[in-house]
file model38.txt (compact mmCIF, C-alpha atoms)
# COMPACT_ATOMS: atom_id res chain seq x y z
CA MET A 28 0.00 0.00 0.00
CA ASN A 29 1.35 3.43 -0.91
CA ALA A 30 0.02 6.97 -1.13
CA VAL A 31 0.38 7.39 -4.91
CA ASP A 32 -1.65 4.26 -5.67
CA LEU A 33 -4.44 5.38 -3.34
CA ILE A 34 -4.49 8.90 -4.82
CA VAL A 35 -4.85 7.42 -8.30
CA LYS A 36 -7.50 4.95 -7.13
CA LYS A 37 -9.71 7.68 -5.70
CA ARG A 38 -8.95 10.01 -8.62
CA ASP A 39 -10.36 7.36 -10.93
CA GLY A 40 -13.56 7.10 -8.87
CA GLU A 41 -12.90 3.76 -7.20
CA ARG A 42 -14.09 2.95 -3.70
CA LEU A 43 -11.52 2.91 -0.89
CA THR A 44 -11.45 0.37 1.92
CA ARG A 45 -11.30 1.35 5.58
CA GLU A 46 -7.69 0.16 5.71
CA GLU A 47 -6.74 2.36 2.75
CA ILE A 48 -8.45 5.40 4.24
CA GLY A 49 -6.74 4.72 7.57
CA TYR A 50 -3.37 4.43 5.84
CA MET A 51 -3.73 7.91 4.34
CA VAL A 52 -5.26 9.65 7.35
CA MET A 53 -2.97 8.22 10.01
CA GLY A 54 0.08 8.44 7.76
CA TYR A 55 -0.54 12.16 7.33
CA THR A 56 -1.38 12.71 11.01
CA ASP A 57 1.83 10.95 12.07
CA GLY A 58 3.94 12.89 9.57
CA ASP A 59 4.79 9.98 7.27
CA ILE A 60 2.76 11.29 4.31
CA PRO A 61 3.72 14.81 3.14
CA ASP A 62 1.36 17.74 2.59
CA TYR A 63 1.55 17.55 -1.19
CA GLN A 64 0.37 13.93 -1.31
CA MET A 65 -2.44 14.52 1.20
CA SER A 66 -3.47 17.60 -0.77
CA ALA A 67 -3.73 15.48 -3.92
CA PHE A 68 -5.71 12.85 -2.01
CA LEU A 69 -8.17 15.45 -0.69
CA MET A 70 -8.60 16.91 -4.17
CA ALA A 71 -9.30 13.41 -5.53
CA ILE A 72 -12.02 13.01 -2.88
CA PHE A 73 -13.34 16.49 -3.69
CA PHE A 74 -13.90 15.64 -7.36
CA SER A 75 -14.67 11.89 -7.17
CA GLY A 76 -16.67 11.88 -3.94
CA MET A 77 -17.19 9.17 -1.35
CA ASP A 78 -20.15 6.90 -0.69
CA ASP A 79 -21.75 6.55 2.75
CA VAL A 80 -19.59 3.60 3.78
CA GLU A 81 -16.39 5.43 2.83
CA THR A 82 -17.59 8.55 4.64
CA ALA A 83 -18.42 6.52 7.76
CA ASP A 84 -15.02 4.84 7.62
CA LEU A 85 -13.26 8.20 7.22
CA THR A 86 -15.25 9.56 10.17
CA GLU A 87 -14.29 6.62 12.39
CA VAL A 88 -10.62 6.72 11.43
CA MET A 89 -10.50 10.42 12.30
CA ARG A 90 -12.41 9.80 15.52
CA ASP A 91 -9.95 7.08 16.54
CA SER A 92 -6.92 9.28 15.83
CA GLY A 93 -7.18 10.63 19.39
CA ASP A 94 -9.08 10.22 22.64
CA VAL A 95 -12.64 8.87 22.62
CA MET A 96 -14.52 10.02 25.70
CA ASP A 97 -16.06 7.33 27.88
CA LEU A 98 -19.16 8.89 29.41
CA SER A 99 -20.61 5.62 30.71
CA GLY A 100 -20.19 6.96 34.23
CA ILE A 101 -22.90 9.55 33.55
CA LYS A 102 -26.42 8.38 34.30
CA GLY A 103 -29.08 8.68 31.60
CA ILE A 104 -29.04 9.27 27.85
CA LYS A 105 -26.39 11.89 27.08
CA VAL A 106 -27.38 14.29 24.27
CA ASP A 107 -24.89 16.45 22.40
CA LYS A 108 -25.76 19.46 20.25
CA HIS A 109 -23.82 20.94 17.34
CA SER A 110 -24.44 23.99 15.19
CA THR A 111 -22.72 24.43 11.85
CA GLY A 112 -22.18 28.07 12.81
CA GLY A 113 -23.86 31.37 12.21
CA VAL A 114 -24.14 34.97 13.31
CA GLY A 115 -25.60 35.60 16.75
CA ASP A 116 -26.02 31.87 17.42
CA LYS A 117 -26.00 31.59 21.20
CA THR A 118 -28.48 28.70 21.38
CA THR A 119 -26.23 26.35 23.39
CA LEU A 120 -26.26 28.84 26.28
CA ILE A 121 -30.06 28.58 26.32
CA VAL A 122 -30.83 25.07 25.11
CA ALA A 123 -28.36 23.19 27.32
CA PRO A 124 -29.73 24.47 30.67
CA LEU A 125 -33.34 24.06 29.48
CA ALA A 126 -32.69 20.42 28.53
CA ALA A 127 -30.71 19.77 31.72
CA SER A 128 -33.52 21.23 33.85
CA CYS A 129 -35.81 18.62 32.27
CA GLY A 130 -33.55 15.72 33.25
CA VAL A 131 -31.37 15.35 30.15
CA PRO A 132 -27.64 15.08 30.98
CA VAL A 133 -25.65 17.51 28.81
CA ALA A 134 -21.92 16.76 28.71
CA LYS A 135 -20.62 19.10 26.05
CA MET A 136 -17.23 19.92 24.61
CA SER A 137 -17.10 23.08 22.50
CA GLY A 138 -14.38 24.64 20.41
CA ARG A 139 -13.25 28.22 20.22
CA GLY A 140 -14.66 30.30 17.40
CA LEU A 141 -12.81 31.23 14.23
CA GLY A 142 -14.58 34.02 12.39
CA PHE A 143 -17.40 36.33 13.40
CA THR A 144 -17.38 35.81 17.17
CA GLY A 145 -15.88 33.47 19.69
CA GLY A 146 -17.31 29.99 20.18
CA THR A 147 -19.45 28.85 23.08
CA VAL A 148 -16.47 28.55 25.45
CA ASP A 149 -15.28 32.06 24.53
CA LYS A 150 -18.74 33.43 25.31
CA LEU A 151 -18.82 31.63 28.64
CA GLU A 152 -15.39 33.02 29.50
CA SER A 153 -16.86 36.51 29.40
CA ILE A 154 -18.55 35.59 32.71
CA PRO A 155 -16.10 36.53 35.50
CA GLY A 156 -14.34 33.47 36.90
CA PHE A 157 -15.83 30.93 34.49
CA ARG A 158 -13.41 28.11 33.71
CA VAL A 159 -13.69 25.96 30.61
CA SER A 160 -11.29 23.16 31.51
CA MET A 161 -11.54 20.38 34.07
CA GLU A 162 -10.35 16.83 34.59
CA ARG A 163 -12.48 13.99 33.22
CA ASP A 164 -13.61 12.75 36.66
CA GLU A 165 -14.73 16.24 37.69
CA PHE A 166 -16.52 16.66 34.36
CA ILE A 167 -18.48 13.43 34.85
CA ARG A 168 -19.21 14.24 38.50
CA GLN A 169 -20.57 17.68 37.61
CA VAL A 170 -22.91 16.28 34.95
CA ASN A 171 -24.20 13.68 37.43
CA ASP A 172 -24.66 16.34 40.13
CA THR A 173 -26.10 19.24 38.12
CA GLY A 174 -27.04 17.74 34.74
CA ILE A 175 -24.73 19.97 32.69
CA ALA A 176 -21.08 20.77 32.02
CA VAL A 177 -19.51 22.61 29.09
CA ILE A 178 -15.75 22.53 28.57
CA GLY A 179 -13.30 23.42 25.84
CA GLN A 180 -12.36 20.78 23.33
CA THR A 181 -8.94 19.28 23.99
CA GLY A 182 -6.28 18.85 21.33
CA HIS A 183 -6.54 15.10 21.87
CA ILE A 184 -10.04 14.89 20.34
CA ALA A 185 -9.79 13.92 16.65
CA PRO A 186 -6.31 15.42 16.04
CA ALA A 187 -6.44 14.08 12.47
CA ASP A 188 -9.33 16.43 11.76
CA LYS A 189 -7.45 19.44 13.08
CA LYS A 190 -4.47 18.74 10.83
CA ILE A 191 -6.50 17.79 7.76
CA TYR A 192 -8.88 20.75 8.09
CA ALA A 193 -5.95 23.17 8.20
CA LEU A 194 -4.75 21.66 4.90
CA ARG A 195 -8.25 21.73 3.35
CA ASP A 196 -8.53 25.39 4.26
CA VAL A 197 -5.54 26.31 2.09
CA THR A 198 -6.05 23.87 -0.78
CA GLY A 199 -9.63 24.64 -1.86
CA THR A 200 -11.04 21.35 -0.60
CA VAL A 201 -13.38 22.54 2.16
CA GLU A 202 -16.71 22.35 0.30
CA ASN A 203 -17.14 18.58 0.02
CA LEU A 204 -19.99 16.85 1.87
CA SER A 205 -17.98 13.78 2.90
CA LEU A 206 -15.09 15.88 4.17
CA ILE A 207 -17.42 18.27 6.03
CA THR A 208 -19.38 15.37 7.52
CA SER A 209 -16.30 13.48 8.69
CA SER A 210 -14.85 16.65 10.21
CA ILE A 211 -17.98 17.39 12.27
CA MET A 212 -19.04 13.85 13.11
CA SER A 213 -15.58 12.56 14.07
CA LYS A 214 -15.54 15.06 16.94
CA LYS A 215 -19.17 14.39 17.88
CA LEU A 216 -18.59 10.63 18.00
CA ALA A 217 -15.39 11.11 20.01
CA ALA A 218 -17.25 13.28 22.52
CA GLY A 219 -19.05 10.18 23.80
CA SER A 220 -22.73 11.20 23.91
CA ASP A 221 -25.51 8.73 23.12
CA ALA A 222 -27.55 11.01 20.85
CA ILE A 223 -26.70 14.01 18.67
CA LEU A 224 -28.77 17.03 17.67
CA LEU A 225 -27.48 18.96 14.65
CA ASP A 226 -28.49 22.54 13.87
CA VAL A 227 -27.57 22.99 10.19
CA LYS A 228 -27.72 26.63 9.12
CA CYS A 229 -28.42 27.89 5.61
CA GLY A 230 -28.33 31.38 4.15
CA SER A 231 -25.93 34.27 3.67
CA GLY A 232 -24.36 33.94 7.12
CA ALA A 233 -23.97 30.15 6.96
CA PHE A 234 -21.46 27.80 5.39
CA MET A 235 -24.26 26.20 3.35
CA LYS A 236 -25.84 29.02 1.33
CA THR A 237 -28.93 27.17 0.08
CA GLU A 238 -31.54 25.03 1.82
CA GLU A 239 -30.89 22.23 -0.68
CA ASP A 240 -27.18 22.06 0.21
CA ALA A 241 -27.97 22.20 3.93
CA VAL A 242 -30.42 19.30 3.57
CA ARG A 243 -27.84 17.21 1.71
CA LEU A 244 -25.28 17.81 4.44
CA ALA A 245 -27.78 17.16 7.24
CA GLU A 246 -28.99 13.92 5.66
CA MET A 247 -25.43 12.64 5.32
CA MET A 248 -24.52 13.52 8.92
CA VAL A 249 -27.73 11.94 10.25
CA ARG A 250 -27.02 8.75 8.29
CA ILE A 251 -23.44 8.56 9.56
CA GLY A 252 -24.49 9.19 13.15
CA ASN A 253 -27.17 6.51 13.02
CA MET A 254 -24.84 4.06 11.24
CA ARG A 255 -22.43 4.42 14.14
CA GLY A 256 -25.03 3.83 16.84
CA ARG A 257 -25.88 7.43 17.78
CA LYS A 258 -29.49 8.50 17.49
CA THR A 259 -29.08 11.60 15.33
CA VAL A 260 -31.54 14.29 14.27
CA ALA A 261 -30.96 17.54 12.36
CA ALA A 262 -32.84 20.82 12.07
CA ILE A 263 -32.39 23.01 8.99
CA THR A 264 -32.56 26.62 10.19
CA ASP A 265 -32.36 30.06 8.60
CA MET A 266 -29.27 32.27 8.68
CA GLU A 267 -30.18 34.97 6.14
CA GLN A 268 -30.14 37.49 8.96
CA PRO A 269 -28.48 37.27 12.40
CA LEU A 270 -30.17 35.13 15.05
CA GLY A 271 -31.50 37.31 17.83
CA ARG A 272 -30.25 40.88 18.16
CA ALA A 273 -26.85 40.51 19.87
CA VAL A 274 -23.66 39.53 18.04
CA GLY A 275 -20.56 39.31 20.21
CA ASN A 276 -19.46 37.33 23.23
CA ALA A 277 -20.61 39.14 26.39
CA LEU A 278 -23.49 40.67 24.42
CA GLU A 279 -24.73 37.20 23.49
CA VAL A 280 -24.44 35.95 27.07
CA LYS A 281 -26.67 38.80 28.18
CA GLU A 282 -29.20 38.01 25.44
CA ALA A 283 -29.18 34.30 26.37
CA ILE A 284 -30.02 35.28 29.95
CA ASP A 285 -32.82 37.52 28.64
CA VAL A 286 -34.24 34.55 26.74
CA LEU A 287 -34.11 32.36 29.86
CA LYS A 288 -36.00 35.13 31.67
CA GLY A 289 -38.71 34.99 29.02
CA ARG A 290 -37.98 38.37 27.52
CA GLY A 291 -35.60 37.59 24.68
CA PRO A 292 -36.14 38.16 20.95
CA ASP A 293 -38.85 36.03 19.35
CA ASP A 294 -36.61 34.25 16.82
CA ILE A 295 -33.92 33.01 19.22
CA THR A 296 -36.62 32.05 21.74
CA GLU A 297 -38.57 30.06 19.14
CA LEU A 298 -35.50 28.22 17.89
CA SER A 299 -34.16 27.52 21.38
CA LEU A 300 -37.45 25.98 22.52
CA LYS A 301 -37.59 23.83 19.39
CA LEU A 302 -34.02 22.58 19.81
CA ALA A 303 -34.44 22.03 23.56
CA GLY A 304 -37.61 20.05 22.86
CA MET A 305 -35.72 17.85 20.43
CA MET A 306 -32.95 17.27 23.00
CA ILE A 307 -35.52 16.36 25.65
CA TYR A 308 -37.04 13.85 23.24
CA LEU A 309 -33.65 12.40 22.25
CA GLY A 310 -32.77 12.13 25.95
CA GLY A 311 -35.81 9.94 26.61
CA MET A 312 -37.62 12.53 28.72
CA ALA A 313 -40.51 12.99 26.28
CA GLU A 314 -42.56 10.69 24.07
CA ASP A 315 -42.04 12.89 21.02
CA GLU A 316 -40.63 16.25 19.97
CA ALA A 317 -43.94 18.02 20.62
CA GLU A 318 -44.02 16.89 24.26
CA GLY A 319 -40.34 17.84 24.52
CA GLY A 320 -41.19 21.32 23.27
CA ARG A 321 -43.94 21.70 25.86
CA LYS A 322 -41.56 20.65 28.63
CA ALA A 323 -38.95 23.11 27.40
CA ALA A 324 -41.54 25.90 27.41
CA GLN A 325 -42.56 25.00 30.97
CA ALA A 326 -38.91 25.06 32.07
CA LEU A 327 -38.56 28.52 30.55
CA GLN A 328 -41.77 29.93 31.98
CA SER A 329 -41.17 28.52 35.47
CA GLY A 330 -37.62 29.87 35.69
CA ARG A 331 -36.09 26.38 36.03
CA GLY A 332 -33.95 26.93 32.94
CA LEU A 333 -32.53 30.18 34.32
CA ALA A 334 -31.87 28.56 37.70
CA LYS A 335 -30.04 25.70 35.99
CA PHE A 336 -27.92 28.20 34.05
CA ALA A 337 -26.95 29.98 37.28
CA GLU A 338 -26.12 26.66 38.97
CA PHE A 339 -24.03 25.56 36.00
CA VAL A 340 -22.11 28.86 35.94
CA GLU A 341 -21.40 28.65 39.67
CA MET A 342 -20.22 25.02 39.43
CA GLN A 343 -17.64 26.07 36.84
CA GLY A 344 -16.29 28.95 38.88
CA GLY A 345 -18.32 31.74 37.30
CA ASP A 346 -20.29 34.40 39.13
CA PRO A 347 -23.98 33.36 39.12
CA ALA A 348 -24.90 36.99 39.88
CA VAL A 349 -24.58 37.54 36.12
CA THR A 350 -28.20 36.38 35.80
CA GLU A 351 -29.36 39.40 37.78
CA ASP A 352 -26.57 41.89 37.11
CA PRO A 353 -25.29 41.71 33.50
CA GLY A 354 -23.23 44.80 34.33
CA ILE A 355 -20.51 42.47 35.64
CA LEU A 356 -19.85 41.32 32.06
CA PRO A 357 -17.06 43.06 30.10
CA ARG A 358 -18.07 46.47 28.71
CA SER A 359 -16.71 48.51 25.80
CA ASP A 360 -15.39 52.07 25.85
CA VAL A 361 -16.27 52.86 22.24
CA VAL A 362 -19.89 52.90 21.02
CA MET A 363 -21.05 53.96 17.55
CA GLU A 364 -24.52 53.94 16.01
CA LEU A 365 -25.77 53.05 12.54
CA LYS A 366 -28.79 55.22 11.71
CA ALA A 367 -31.41 54.92 9.00
CA GLU A 368 -30.81 57.31 6.10
CA ARG A 369 -34.48 57.35 5.04
CA ASP A 370 -37.98 56.21 5.98
CA GLY A 371 -39.15 52.74 5.01
CA TYR A 372 -38.83 49.13 6.08
CA VAL A 373 -35.76 47.00 6.74
CA SER A 374 -35.86 44.67 3.74
CA ALA A 375 -32.65 42.73 4.41
CA ILE A 376 -29.87 42.37 6.95
CA ASP A 377 -27.05 40.41 5.34
CA ALA A 378 -25.88 38.02 8.05
CA MET A 379 -22.46 37.55 6.47
CA ARG A 380 -21.73 41.30 6.44
CA ILE A 381 -23.02 41.71 10.00
CA GLY A 382 -20.71 38.87 10.99
CA LEU A 383 -17.79 40.63 9.36
CA ALA A 384 -18.76 43.86 11.14
CA SER A 385 -18.69 41.96 14.44
CA GLN A 386 -15.27 40.57 13.60
CA HIS A 387 -14.01 44.06 12.77
CA THR A 388 -15.02 45.30 16.25
CA GLY A 389 -12.68 42.71 17.76
CA ALA A 390 -15.33 40.15 18.71
CA GLY A 391 -13.99 37.48 16.34
CA ARG A 392 -10.74 35.87 15.24
CA GLU A 393 -8.98 35.58 11.91
CA ARG A 394 -6.44 33.14 13.39
CA LYS A 395 -6.97 30.46 16.05
CA ASP A 396 -4.33 31.96 18.35
CA GLU A 397 -5.69 35.51 18.10
CA ALA A 398 -7.06 37.21 21.22
CA ILE A 399 -10.62 38.49 21.06
CA ASP A 400 -12.35 41.40 22.77
CA LEU A 401 -15.08 39.78 24.87
CA SER A 402 -16.93 43.09 25.22
CA ALA A 403 -17.02 43.88 21.49
CA GLY A 404 -19.79 43.27 18.96
CA LEU A 405 -23.06 44.84 17.94
CA TYR A 406 -26.72 44.99 18.86
CA LEU A 407 -29.54 45.22 16.31
CA TYR A 408 -32.54 47.35 17.22
CA ARG A 409 -34.27 46.62 13.89
CA LYS A 410 -34.63 43.34 12.00
CA THR A 411 -36.05 42.40 8.60
CA GLY A 412 -39.63 43.63 8.23
CA ASP A 413 -39.37 46.35 10.88
CA PRO A 414 -40.39 49.95 9.99
CA VAL A 415 -37.81 52.73 10.36
CA LYS A 416 -37.80 56.52 10.23
CA LYS A 417 -34.86 58.56 9.02
CA GLY A 418 -32.45 58.93 11.93
CA ASP A 419 -33.64 55.83 13.81
CA VAL A 420 -30.82 53.75 15.31
CA ILE A 421 -30.64 50.42 13.47
CA CYS A 422 -27.75 49.03 15.48
CA SER A 423 -25.10 49.98 18.00
CA LEU A 424 -21.51 48.81 17.60
CA TYR A 425 -19.19 48.23 20.56
CA GLY A 426 -15.43 47.89 20.94
CA ASN A 427 -12.31 49.36 22.46
CA ASN A 428 -10.57 50.55 19.32
CA VAL A 429 -12.04 53.55 17.47
CA LYS A 430 -10.49 52.55 14.13
CA LYS A 431 -11.90 49.02 14.36
CA VAL A 432 -15.38 50.17 15.34
CA LYS A 433 -15.45 52.70 12.47
CA LYS A 434 -14.57 49.91 10.04
CA ALA A 435 -17.33 47.79 11.56
CA LEU A 436 -19.80 50.66 11.22
CA GLU A 437 -19.07 50.89 7.49
CA GLU A 438 -19.53 47.13 7.05
CA ALA A 439 -22.81 47.17 8.98
CA GLY A 440 -24.05 50.00 6.78
CA ASN A 441 -23.48 47.80 3.73
CA ALA A 442 -25.37 44.94 5.39
CA VAL A 443 -28.68 46.74 5.99
CA LYS A 444 -31.13 47.47 3.17
CA ILE A 445 -34.16 49.75 3.51
CA SER A 446 -37.02 49.75 1.01
CA GLU A 447 -40.47 51.25 0.67
CA GLU A 448 -42.25 47.89 0.76
CA LYS A 449 -42.37 45.64 3.79
CA LYS A 450 -40.66 42.26 3.43
CA GLU A 451 -41.27 39.46 5.90
CA PRO A 452 -38.30 37.39 7.11
CA GLY A 453 -37.96 33.80 5.90
CA LYS A 454 -39.14 30.77 7.83
CA LEU A 455 -36.81 30.21 10.78
CA ILE A 456 -37.03 26.40 11.03
CA LYS A 457 -37.20 24.98 7.53
CA ARG A 458 -37.02 21.20 7.95
CA ILE A 459 -36.36 18.45 10.47
CA ILE A 460 -34.22 15.55 9.22
CA THR A 461 -34.62 12.23 11.04
call {"tool": "encode", "arguments": {"input": "model38.txt", "output": "structure tokens"}}
result
Amino acid sequence: MNAVDLIVKKRDGERLTREEIGYMVMGYTDGDIPDYQMSAFLMAIFFSGMDDVETADLTEVMRDSGDVMDLSGIKGIKVDKHSTGGVGDKTTLIVAPLAASCGVPVAKMSGRGLGFTGGTVDKLESIPGFRVSMERDEFIRQVNDTGIAVIGQTGHIAPADKKIYALRDVTGTVENLSLITSSIMSKKLAAGSDAILLDVKCGSGAFMKTEEDAVRLAEMMVRIGNMRGRKTVAAITDMEQPLGRAVGNALEVKEAIDVLKGRGPDDITELSLKLAGMMIYLGGMAEDEAEGGRKAAQALQSGRGLAKFAEFVEMQGGDPAVTEDPGILPRSDVVMELKAERDGYVSAIDAMRIGLASQHTGAGRERKDEAIDLSAGLYLYRKTGDPVKKGDVICSLYGNNVKKVKKALEEAGNAVKISEEKKEPGKLIKRIIT
């Protein structure tokens, strides 16, 4: 077996065995296969594709390249949640405590964000004292005691994916369904949960721009998850405009708390209840998704979800007072406003451009090792379909660098369109894939 033969085999559209896939993946991870041969192999996959069995084998090989979490010490059906990314997507901060308050153990590992804002662990770190790392035994004990723990992903989870993704990113081989699926699902399978909920975004602010492409990706990930013994469900959700009103780390924490208090924006509240209901169903605490949704709504209305969030924050060293005093979160020195230039209706808010504006404020990263400003970001006072008068504030932008915030203000101005006719936003939850 050698790399050149396997490159040619896949280039010519032939099916690879698990052993052949393992030879390439582990050879590259261990440094025995050079970048140029792995690049050629990835390009062969990009153009020739992989079937479901090959994709499942690739996923498992990447999963087994590092640690596979053993969560058998946690009682109950563990449910993991993954979002393919978006702008203003703070659902984990809401959904996880809602599900945990209904008896579903949530043992989650999250990565740091690369792009518009930080990831879930970055957002949580904006809470004073919150720690995102702990030993395995403490992690398991906390989930058993409180029902929820969220920690940063270690470098020992699917290291093959980390190395291969970095190569894909610079060789034009990112946009392939098998490669995307194996990248996401290798980490989800290594994380050790019994069931997986996938939130697959589509639209201008998402990786998958069309609903059709999002469905294809979701169907493949659901098949791979189920083939490998994890009950897996996916929701196709809209990302044409930002989710909620806050984009940025501390800003999104505050909005998540608002949602748990029952006074958050309608869209993020609707989506969070739907996803929490699906997690409650997957965790065996409801007969179906509808009952799960009702239980999630009860947890929200009763305050149990908010109480679980506060308990979870305190268990991980954070200040639970954040639920009552968001003023303890990081705050920016520079604030600028985007104002409407004429009367009309907001006809579009380009999520991608708003994401870039957020990144310009300092809320996001361009490189993995780059520091982010936890206080930076923006807040939207108007969304698609809302009426505006000339001079109305559409959004406020926050940061600690005047030059950066000015650049963000210009980008946000390009993102917002105002027209004379009212346009309703698209459907938030488009499809459920089981």
call {"tool": "closest_residue", "arguments": {"input": "model38.txt", "among": "A:Gln180, A:Thr296, A:Gln328, A:Thr264", "to": "Val242 in chain A", "atoms": "all atoms listed in the file"}}
result
A:Thr264
call {"tool": "residues_near_point", "arguments": {"input": "model38.txt", "point": "(-29.3, 37.0, 16.9)", "cutoff": "10 Å", "atoms": "all atoms listed in the file", "output": "list in words"}}
result
Gly113, Val114, Gly115, Asp116, Lys117, Thr118, Met266, Gln268, Pro269, Leu270, Gly271, Arg272, Ala273, Val274, Gly275, Glu279, Glu282, Ala283, Pro292, Asp293, Asp294, Ile295, Ala378, Tyr406, Leu407 and Lys410 of chain A
call {"tool": "residues_around", "arguments": {"input": "model38.txt", "residues": "Leu278 in chain A", "least_positions_apart": "3", "cutoff": "12 Å", "atoms": "all atoms listed in the file", "output": "tab-separated table (two decimals) with C-alpha atoms, in the coordinates of the input"}}
result
chain	number	residue	atom	x	y	z
A	115	GLY	CA	-25.60	35.60	16.75
A	116	ASP	CA	-26.02	31.87	17.42
A	117	LYS	CA	-26.00	31.59	21.20
A	144	THR	CA	-17.38	35.81	17.17
A	145	GLY	CA	-15.88	33.47	19.69
A	149	ASP	CA	-15.28	32.06	24.53
A	150	LYS	CA	-18.74	33.43	25.31
A	151	LEU	CA	-18.82	31.63	28.64
A	153	SER	CA	-16.86	36.51	29.40
A	154	ILE	CA	-18.55	35.59	32.71
A	271	GLY	CA	-31.50	37.31	17.83
A	272	ARG	CA	-30.25	40.88	18.16
A	273	ALA	CA	-26.85	40.51	19.87
A	274	VAL	CA	-23.66	39.53	18.04
A	275	GLY	CA	-20.56	39.31	20.21
A	281	LYS	CA	-26.67	38.80	28.18
A	282	GLU	CA	-29.20	38.01	25.44
A	283	ALA	CA	-29.18	34.30	26.37
A	284	ILE	CA	-30.02	35.28	29.95
A	285	ASP	CA	-32.82	37.52	28.64
A	353	PRO	CA	-25.29	41.71	33.50
A	354	GLY	CA	-23.23	44.80	34.33
A	355	ILE	CA	-20.51	42.47	35.64
A	356	LEU	CA	-19.85	41.32	32.06
A	357	PRO	CA	-17.06	43.06	30.10
A	358	ARG	CA	-18.07	46.47	28.71
A	359	SER	CA	-16.71	48.51	25.80
A	385	SER	CA	-18.69	41.96	14.44
A	390	ALA	CA	-15.33	40.15	18.71
A	400	ASP	CA	-12.35	41.40	22.77
A	401	LEU	CA	-15.08	39.78	24.87
A	402	SER	CA	-16.93	43.09	25.22
A	403	ALA	CA	-17.02	43.88	21.49
A	404	GLY	CA	-19.79	43.27	18.96
A	405	LEU	CA	-23.06	44.84	17.94
A	406	TYR	CA	-26.72	44.99	18.86
A	407	LEU	CA	-29.54	45.22	16.31
A	423	SER	CA	-25.10	49.98	18.00
A	424	LEU	CA	-21.51	48.81	17.60
A	425	TYR	CA	-19.19	48.23	20.56
A	426	GLY	CA	-15.43	47.89	20.94
call {"tool": "closest_residue", "arguments": {"input": "model38.txt", "among": "A:Ala435, A:Leu224, A:Val373, A:Met65", "to": "Val122 in chain A", "atoms": "only C-alpha atoms"}}
result
A:Leu224
call {"tool": "residues_around", "arguments": {"input": "model38.txt", "residues": "Met51 in chain A", "least_positions_apart": "4", "cutoff": "9 Å", "atoms": "only C-alpha atoms", "output": "JSON, numbers by chain"}}
result
{"A": [29, 30, 33, 46, 47, 55, 56, 60, 65, 68]}
